[in-house]
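K.L.:
My structure is stored as structure18.txt, with compact mmCIF, C-alpha atoms.
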# COMPACT_ATOMS: atom_id res chain seq x y z
CA MET A 1 -62.19 -45.42 -58.97
CA ARG A 2 -60.06 -42.49 -60.01
CA ARG A 3 -62.62 -40.04 -58.64
CA GLY A 4 -62.58 -41.81 -55.26
CA PHE A 5 -58.78 -41.72 -55.19
CA LEU A 6 -58.76 -37.99 -55.91
CA SER A 7 -61.33 -37.43 -53.16
CA LEU A 8 -59.10 -39.28 -50.71
CA ILE A 9 -56.12 -37.12 -51.66
CA ALA A 10 -58.24 -33.99 -51.21
CA ILE A 11 -59.25 -35.11 -47.71
CA VAL A 12 -55.62 -35.82 -46.74
CA ILE A 13 -54.50 -32.42 -48.03
CA SER A 14 -57.34 -30.70 -46.16
CA LEU A 15 -56.38 -32.43 -42.91
CA LEU A 16 -52.74 -31.45 -43.43
CA ILE A 17 -53.66 -27.80 -44.02
CA PHE A 18 -55.91 -27.82 -40.95
CA THR A 19 -53.12 -29.26 -38.79
CA ILE A 20 -50.63 -26.63 -39.98
CA LEU A 21 -53.11 -23.81 -39.36
CA PHE A 22 -53.86 -25.16 -35.89
CA ILE A 23 -50.17 -25.23 -34.96
CA VAL A 24 -49.65 -21.68 -36.26
CA VAL A 25 -52.66 -20.33 -34.38
CA PHE A 26 -51.67 -22.22 -31.22
CA ASN A 27 -48.20 -20.68 -31.24
CA LYS A 28 -49.48 -17.22 -32.11
CA LEU A 29 -51.99 -17.20 -29.30
CA LYS A 30 -49.64 -18.98 -26.89
CA ILE A 31 -52.52 -21.08 -25.63
CA ILE A 32 -52.06 -21.89 -21.97
CA PRO A 33 -52.41 -25.60 -21.16
CA THR A 34 -54.79 -26.58 -18.41
CA THR A 35 -54.92 -29.37 -15.89
CA GLN A 36 -57.73 -31.92 -15.74
CA SER A 37 -59.58 -29.56 -13.42
CA GLY A 38 -59.43 -26.88 -16.12
CA THR A 39 -57.13 -24.56 -14.15
CA ASP A 40 -53.99 -22.82 -15.40
CA PRO A 41 -50.95 -24.85 -14.19
CA ARG A 42 -48.95 -21.63 -13.94
CA LYS A 43 -51.37 -20.34 -11.32
CA GLU A 44 -51.29 -23.64 -9.43
CA THR A 45 -47.48 -23.62 -9.54
CA GLN A 46 -47.29 -20.06 -8.21
CA GLU A 47 -49.69 -20.90 -5.40
CA THR A 48 -47.46 -23.83 -4.41
CA ILE A 49 -44.31 -21.69 -4.55
CA ASP A 50 -45.95 -19.00 -2.42
CA LYS A 51 -46.79 -21.60 0.22
CA VAL A 52 -43.24 -22.99 0.10
CA ILE A 53 -41.74 -19.54 0.60
CA GLU A 54 -44.15 -18.72 3.42
CA GLN A 55 -43.16 -21.90 5.27
CA GLN A 56 -39.44 -21.45 4.57
CA ASN A 57 -39.57 -17.97 6.06
CA LYS A 58 -39.99 -19.70 9.44
CA GLU A 59 -36.98 -22.01 9.04
CA LYS A 60 -33.37 -21.50 10.05
CA ILE A 61 -30.12 -23.27 9.16
CA GLU A 62 -26.67 -23.55 10.68
CA PHE A 63 -23.79 -21.32 9.55
CA GLU A 64 -20.17 -22.29 10.10
CA GLN A 65 -18.10 -19.83 12.10
CA MET A 66 -14.70 -19.19 10.47
CA ASP A 67 -11.73 -17.05 11.35
CA GLU A 68 -10.23 -14.56 8.89
CA LYS A 69 -7.39 -16.89 7.84
CA ASP A 70 -9.79 -19.71 7.00
CA GLN A 71 -12.03 -17.37 5.03
CA LYS A 72 -9.14 -16.12 2.90
CA LEU A 73 -7.87 -19.65 2.25
CA LEU A 74 -11.25 -20.92 1.08
CA GLY A 75 -12.37 -17.85 -0.84
CA VAL A 76 -15.18 -17.30 1.63
CA GLN A 77 -16.46 -13.83 2.43
CA THR A 78 -18.75 -13.10 5.34
CA GLY A 79 -20.73 -10.09 6.43
CA LYS A 80 -23.05 -9.26 9.27
CA ASN A 81 -25.82 -11.39 7.82
CA TYR A 82 -24.36 -13.44 4.96
CA THR A 83 -21.79 -16.01 3.88
CA ALA A 84 -20.55 -15.96 0.29
CA LEU A 85 -18.32 -18.23 -1.77
CA VAL A 86 -16.37 -16.03 -4.18
CA TYR A 87 -14.70 -17.49 -7.27
CA ASP A 88 -12.72 -16.15 -10.19
CA LEU A 89 -15.28 -16.58 -12.96
CA GLY A 90 -12.74 -16.78 -15.78
CA SER A 91 -11.06 -19.86 -14.33
CA SER A 92 -14.26 -21.58 -13.17
CA THR A 93 -16.77 -23.87 -14.82
CA VAL A 94 -20.26 -23.81 -13.36
CA VAL A 95 -22.43 -26.85 -13.92
CA THR A 96 -25.98 -27.59 -12.85
CA ASP A 97 -27.32 -31.02 -12.11
CA THR A 98 -30.53 -32.77 -11.11
CA ALA A 99 -30.78 -35.91 -8.99
CA GLY A 100 -33.16 -37.44 -11.53
CA ASP A 101 -32.53 -37.59 -15.25
CA ASN A 102 -36.10 -36.91 -16.38
CA ASP A 103 -39.08 -34.72 -15.53
CA CYS A 104 -40.73 -35.74 -12.28
CA ALA A 105 -44.03 -34.78 -10.66
CA ASN A 106 -43.86 -36.69 -7.36
CA ASP A 107 -41.40 -38.63 -5.18
CA CYS A 108 -38.55 -37.13 -7.18
CA PHE A 109 -34.95 -38.16 -6.61
CA THR A 110 -32.84 -36.01 -4.28
CA LYS A 111 -29.38 -36.05 -2.73
CA PRO A 112 -27.32 -33.87 -0.37
CA LEU A 113 -25.45 -30.91 -1.80
CA ALA A 114 -22.12 -32.48 -0.79
CA SER A 115 -22.89 -35.48 -3.02
CA TYR A 116 -23.53 -33.25 -6.04
CA VAL A 117 -20.21 -31.47 -5.52
CA LYS A 118 -18.16 -34.63 -4.96
CA GLU A 119 -19.72 -36.57 -7.85
CA GLN A 120 -18.99 -33.70 -10.24
CA GLY A 121 -15.45 -33.22 -8.94
CA GLY A 122 -16.38 -29.70 -7.91
CA ARG A 123 -14.80 -27.23 -5.54
CA GLY A 124 -18.03 -25.91 -4.12
CA GLY A 125 -21.72 -25.51 -4.70
CA MET A 126 -25.10 -24.41 -3.46
CA ASN A 127 -28.78 -25.31 -3.52
CA GLY A 128 -30.85 -24.68 -6.63
CA THR A 129 -34.50 -23.86 -7.34
CA TYR A 130 -37.58 -23.79 -5.19
CA PHE A 131 -39.10 -27.25 -4.77
CA CYS A 132 -41.86 -28.94 -2.76
CA PRO A 133 -40.28 -30.54 0.36
CA PRO A 134 -41.67 -33.87 1.58
CA ASP A 135 -42.01 -32.55 5.15
CA TYR A 136 -44.67 -30.04 4.05
CA SER A 137 -48.02 -31.81 4.38
CA TRP A 138 -49.57 -29.98 1.44
CA CYS A 139 -46.74 -31.23 -0.81
CA ALA A 140 -48.28 -34.71 -0.72
CA GLY A 141 -48.63 -35.86 -4.32
CA LYS A 142 -45.75 -33.66 -5.52
CA LYS A 143 -42.92 -34.44 -3.12
CA ASN A 144 -39.53 -33.03 -4.13
CA SER A 145 -40.93 -31.81 -7.45
CA PHE A 146 -39.79 -28.50 -8.93
CA ASP A 147 -41.41 -26.37 -11.61
CA PHE A 148 -38.35 -24.38 -12.64
CA PRO A 149 -36.24 -25.65 -15.56
CA VAL A 150 -32.70 -26.78 -14.71
CA TRP A 151 -30.00 -27.89 -17.14
CA ASN A 152 -28.79 -31.44 -16.45
CA ASN A 153 -25.22 -31.28 -17.71
CA ARG A 154 -24.70 -35.04 -17.51
CA GLN A 155 -27.64 -35.69 -19.82
CA LYS A 156 -27.13 -32.47 -21.81
CA LYS A 157 -30.77 -31.50 -21.57
CA TRP A 158 -33.19 -29.23 -19.75
CA ILE A 159 -35.33 -30.84 -17.05
CA GLN A 160 -38.85 -29.31 -17.00
CA ALA A 161 -38.10 -27.93 -20.47
CA GLU A 162 -41.76 -27.24 -21.28
CA LYS A 163 -41.68 -24.47 -18.65
CA LEU A 164 -38.76 -22.61 -20.21
CA PHE A 165 -41.17 -20.15 -21.77
CA TRP A 166 -43.15 -19.18 -18.68
CA ASN A 167 -42.93 -15.44 -18.00
CA GLY A 168 -41.76 -13.72 -14.83
CA ARG A 169 -38.66 -15.82 -14.22
CA GLY A 170 -34.95 -15.18 -14.55
CA MET A 171 -32.44 -17.47 -16.27
CA MET A 172 -28.72 -17.75 -15.58
CA VAL A 173 -26.62 -19.86 -17.95
CA PHE A 174 -22.97 -20.81 -17.80
CA ARG A 175 -20.20 -21.78 -20.15
CA PRO A 176 -16.58 -22.45 -19.11
CA GLY A 177 -15.24 -19.17 -17.76
CA SER A 178 -18.39 -17.14 -18.38
CA ALA A 179 -21.95 -16.47 -17.27
CA GLN A 180 -25.02 -14.79 -18.76
CA PHE A 181 -28.17 -13.59 -17.09
CA PHE A 182 -31.59 -12.96 -18.61
CA ALA A 183 -34.19 -11.25 -16.44
CA ASN A 184 -37.03 -12.89 -18.41
CA SER A 185 -36.33 -16.49 -19.37
CA ALA A 186 -39.37 -16.64 -21.67
CA ALA A 187 -37.57 -14.51 -24.26
CA VAL A 188 -34.41 -16.62 -24.35
CA GLY A 189 -35.41 -20.02 -25.69
CA ALA A 190 -33.56 -23.19 -24.77
CA PRO A 191 -29.77 -22.72 -24.97
CA SER A 192 -27.92 -26.03 -25.22
CA ASP A 193 -24.27 -25.04 -25.69
CA ILE A 194 -23.90 -24.63 -21.93
CA THR A 195 -22.54 -26.40 -18.87
CA GLY A 196 -25.11 -24.96 -16.50
CA GLY A 197 -28.49 -23.31 -16.59
CA ILE A 198 -31.06 -22.51 -13.93
CA ILE A 199 -34.33 -20.61 -13.78
CA ASN A 200 -35.94 -19.17 -10.66
CA TYR A 201 -37.52 -15.98 -9.42
CA PRO A 202 -37.35 -13.15 -8.70
CA SER A 203 -34.53 -11.68 -10.76
CA LEU A 204 -32.46 -9.39 -8.52
CA LEU A 205 -29.94 -7.53 -10.69
CA ALA A 206 -29.34 -7.24 -14.42
CA GLY A 207 -26.53 -5.26 -16.02
CA GLY A 208 -25.99 -3.34 -12.80
CA SER A 209 -29.64 -2.35 -12.44
CA LEU A 210 -31.68 -3.27 -9.38
CA LEU A 211 -34.80 -5.15 -10.48
CA VAL A 212 -36.61 -5.55 -7.16
CA ASN A 213 -38.11 -3.06 -4.76
CA ASP A 214 -40.62 -3.10 -1.94
CA GLY A 215 -43.31 -2.07 -4.39
CA ASN A 216 -42.97 -5.08 -6.70
CA LEU A 217 -42.32 -7.77 -4.08
CA VAL A 218 -45.10 -9.85 -2.54
CA ALA A 219 -45.31 -9.95 1.25
CA ASN A 220 -43.58 -13.31 1.75
CA LEU A 221 -40.49 -12.05 -0.11
CA LYS A 222 -40.27 -9.01 2.17
CA THR A 223 -40.11 -11.15 5.32
CA LYS A 224 -36.75 -11.50 7.07
CA ALA A 225 -35.64 -15.09 6.50
CA THR A 226 -32.84 -17.28 5.13
CA ARG A 227 -32.33 -16.40 1.46
CA THR A 228 -29.91 -17.63 -1.19
CA GLY A 229 -28.85 -16.48 -4.62
CA ILE A 230 -26.20 -16.63 -7.31
CA GLY A 231 -24.63 -13.68 -9.08
CA PHE A 232 -21.62 -12.44 -10.98
CA GLY A 233 -19.80 -9.22 -11.79
CA LYS A 234 -16.32 -7.76 -12.33
CA GLY A 235 -14.92 -11.19 -13.17
CA LYS A 236 -16.20 -12.79 -9.98
CA LEU A 237 -18.85 -15.41 -9.25
CA PHE A 238 -20.83 -15.14 -6.01
CA LEU A 239 -22.76 -17.90 -4.22
CA VAL A 240 -24.58 -16.29 -1.31
CA VAL A 241 -26.60 -17.47 1.68
CA ALA A 242 -28.05 -14.61 3.72
CA ARG A 243 -29.74 -14.89 7.10
CA ASN A 244 -32.45 -12.67 8.54
CA SER A 245 -32.84 -11.04 5.12
CA SER A 246 -35.64 -10.02 2.80
CA VAL A 247 -35.19 -10.50 -0.95
CA MET A 248 -34.41 -6.79 -1.14
CA ASP A 249 -31.68 -7.28 1.48
CA LEU A 250 -30.28 -10.15 -0.60
CA ALA A 251 -30.14 -7.94 -3.69
CA ASN A 252 -28.27 -5.27 -1.74
CA THR A 253 -25.83 -7.90 -0.45
CA PHE A 254 -24.99 -8.79 -4.05
CA ILE A 255 -24.48 -5.11 -4.86
CA SER A 256 -22.10 -4.74 -1.90
CA LEU A 257 -20.09 -7.73 -3.16
CA GLY A 258 -19.72 -6.18 -6.61
CA ALA A 259 -22.26 -8.24 -8.55
CA THR A 260 -23.97 -6.75 -11.58
CA ASP A 261 -26.33 -9.67 -12.23
CA ALA A 262 -28.03 -11.88 -9.66
CA LEU A 263 -30.87 -14.36 -9.27
CA ASN A 264 -32.77 -15.36 -6.14
CA LEU A 265 -32.80 -19.11 -5.39
CA ASP A 266 -34.41 -21.42 -2.83
CA GLY A 267 -34.12 -20.64 0.87
CA GLY A 268 -35.22 -21.55 4.38
CA GLY A 269 -34.44 -25.12 5.41
CA SER A 270 -33.39 -25.97 1.85
CA ALA A 271 -30.50 -23.47 1.83
CA ALA A 272 -27.02 -24.99 1.59
CA LEU A 273 -23.52 -23.76 0.80
CA TYR A 274 -20.57 -26.14 0.44
CA GLU A 275 -16.83 -25.68 -0.03
CA GLY A 276 -14.88 -28.63 1.32
CA ARG A 277 -17.48 -28.75 4.08
CA TYR A 278 -20.79 -27.05 4.72
CA LYS A 279 -20.51 -23.30 5.23
CA ALA A 280 -24.29 -23.13 5.57
CA GLY A 281 -26.67 -26.01 5.93
CA PRO A 282 -26.62 -28.89 5.06
CA GLY A 283 -30.34 -28.27 4.80
CA ARG A 284 -32.58 -30.71 2.97
CA SER A 285 -31.71 -33.32 0.38
CA LEU A 286 -32.04 -31.49 -2.95
CA PRO A 287 -33.57 -32.35 -6.35
CA ASN A 288 -31.14 -29.98 -8.12
CA ALA A 289 -28.00 -28.01 -7.35
CA ILE A 290 -25.29 -25.68 -8.68
CA ILE A 291 -21.67 -26.87 -8.69
CA VAL A 292 -18.48 -24.86 -9.29
CA LYS A 293 -15.46 -26.66 -10.75
Translate this file's structure into structure tokens.

P.N.:
Amino acid sequence: MRRGFLSLIAIVISLLIFTILFIVVFNKLKIIPTTQSGTDPRKETQETIDKVIEQQNKEKIEFEQMDEKDQKLLGVQTGKNYTALVYDLGSSTVVTDTAGDNDCANDCFTKPLASYVKEQGGRGGMNGTYFCPPDYSWCAGKKNSFDFPVWNNRQKKWIQAEKLFWNGRGMMVFRPGSAQFFANSAAVGAPSDITGGIINYPSLLAGGSLLVNDGNLVANLKTKATRTGIGFGKGKLFLVVARNSSVMDLANTFISLGATDALNLDGGGSAALYEGRYKAGPGRSLPNAIIVK
């Protein structure tokens, strides 16, 4: 009886040791999960994003025409090919929000940018990450889904948190009166003492250094199209929608505004910029957005 009991304990201990070793090895090797078809979901995600960008490059949105007095009053700055909302970062709180409160793979909740801003009591806002629009036929089965983590400030959690550690993406996080940018989100972890956080690609600027060039951009990011991004520098926050621009053009627009750090966001027919009314867009109904309070 005693011998059988000891054998049982030995088996339990062995299973425990095996489980611990498996977890350690799994983390060390950073094993990549696969779908039921055995493919790397990161590759499938990138293929979807590439198709989204290619289609968006063909889309255009409306831009509001404003006189100089109106621009100054609203903190709007325009150039030959862009419209930017410019805020004092120190007196602003940036929050990010998602229409749904949990991860979603298909038929995800969305709402117009204006609704995000009004519900949060914000002053302005813009679109967020790339997502799979329902009007793209090949997005069937993943309508309005997005594979980039976004901080839901109402729920105080990251949506799509399991993808926080995917390489090749930039992360911008916000706390009241401040912003931080990380060119590679995989090295950051999952900050939770924040009001806003968003991941997308490619990273444009970091610490005053230009991170993109024609040599490291794929063809669909070199195409002239509607682009958007968020950046900061010299105490200012910049929300930018650029027309007839490549991603390189967008990066240079941020430099001209005085930004030191910037991240590319969604574009094409999903681009939207709002401050009291739409300055660009309204574009599509969005699964996530950035709001400035």

K.L.:
Between A:Ala140, A:Asp261, A:Ile199, A:Phe181, which has the minimum distance to A:Gly168 (counting only C-alpha atoms)?

P.N.:
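Among A:Ala140, A:Asp261, A:Ile199, A:Phe181, it is A:Ile199 that comes nearest to A:Gly168.
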
K.L.:
Step by step: start from the point (-34.7, -12.7, 2.1) in the file's coordinates, keep every protein, DNA or RNA residue that has an atom no farther than 9 Å from it, count only C-alpha atoms, and write the set as a VMD selection string.

P.N.:
chain A and resid 57 220 to 228 242 to 251 264 267

K.L.:
At a cut-off of 8 Å around the point (-16.2, -24.4, -11.7) (file coordinates), what residues fall inside when counting only C-alpha atoms? I'd like the answer as a list in words.

P.N.:
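Answer for this query, in the requested form: Leu89, Ser91, Ser92, Thr93, Val94, Val95, Gly122, Arg123, Gly124, Pro176, Ile291, Val292 and Lys293 of chain A.
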
K.L.:
So what do you get for atom CA of A:Phe232 versus atom CA of A:Lys163, distance-wise?

P.N.:
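Going from atom CA of A:Phe232 over to atom CA of A:Lys163, I get 24.6 Å.
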
K.L.:
Go through stretch 206-276 of chain A residue by residue and, counting all atoms listed in the file, keep those with an atom at most 12 Å from stretch 102-121 of chain A; for each kept residue give the shortest atom pair and its distance in Å to one decimal, ordered by chain and increasing number, as a Markdown table.

P.N.:
| residue | atom | partner | partner_atom | distance |
| --- | --- | --- | --- | --- |
| A:Ser270 | CA | A:Leu113 | CA | 10.0 |
| A:Ala271 | CA | A:Leu113 | CA | 9.7 |
| A:Ala272 | CA | A:Leu113 | CA | 7.0 |
| A:Leu273 | CA | A:Leu113 | CA | 7.8 |
| A:Tyr274 | CA | A:Ala114 | CA | 6.6 |
| A:Glu275 | CA | A:Ala114 | CA | 8.6 |
| A:Gly276 | CA | A:Ala114 | CA | 8.5 |

K.L.:
Hey, can you check how far atom CA of A:Glu62 sits from atom CA of A:Asp88?

P.N.:
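Straight-line distance from atom CA of A:Glu62 to atom CA of A:Asp88 works out to 26.2 Å.
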
K.L.:
Taking all atoms listed in the file into account, name the residue in A:Gly281, A:Pro134, A:Pro202, A:Pro149 that is nearest to A:Ala190.

P.N.:
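Using all atoms listed in the file, A:Ala190 sits closest to A:Pro149.
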
K.L.:
Could you name the residues that touch A:Asn252 at 10 Å or less, counting only C-alpha atoms, but leaving out those on the same chain fewer than 5 positions away, as a VMD selection string?

P.N.:
chain A and resid 204 to 205 210 212 246 to 247 257 to 259

K.L.:
What is the atom CA of A:Thr78-atom CA of A:Gly170 distance in Å, reported with one decimal?

P.N.:
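Separating atom CA of A:Thr78 from atom CA of A:Gly170 is a distance of 25.7 Å.
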
K.L.:
For a quick check of understanding, using all atoms listed in the file, which of A:Ala219, A:Thr96, A:Thr83, A:Gly207 has the smallest distance to A:Lys51?

P.N.:
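Among the listed residues, the smallest separation from A:Lys51 belongs to A:Ala219.
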
K.L.:
List the neighbours of A:Arg169 out to 7 Å using only C-alpha atoms; skip same-chain residues closer than 5 positions along the sequence, and give me the result as a PyMOL selection string.

P.N.:
chain A and resi 183-185+199-203
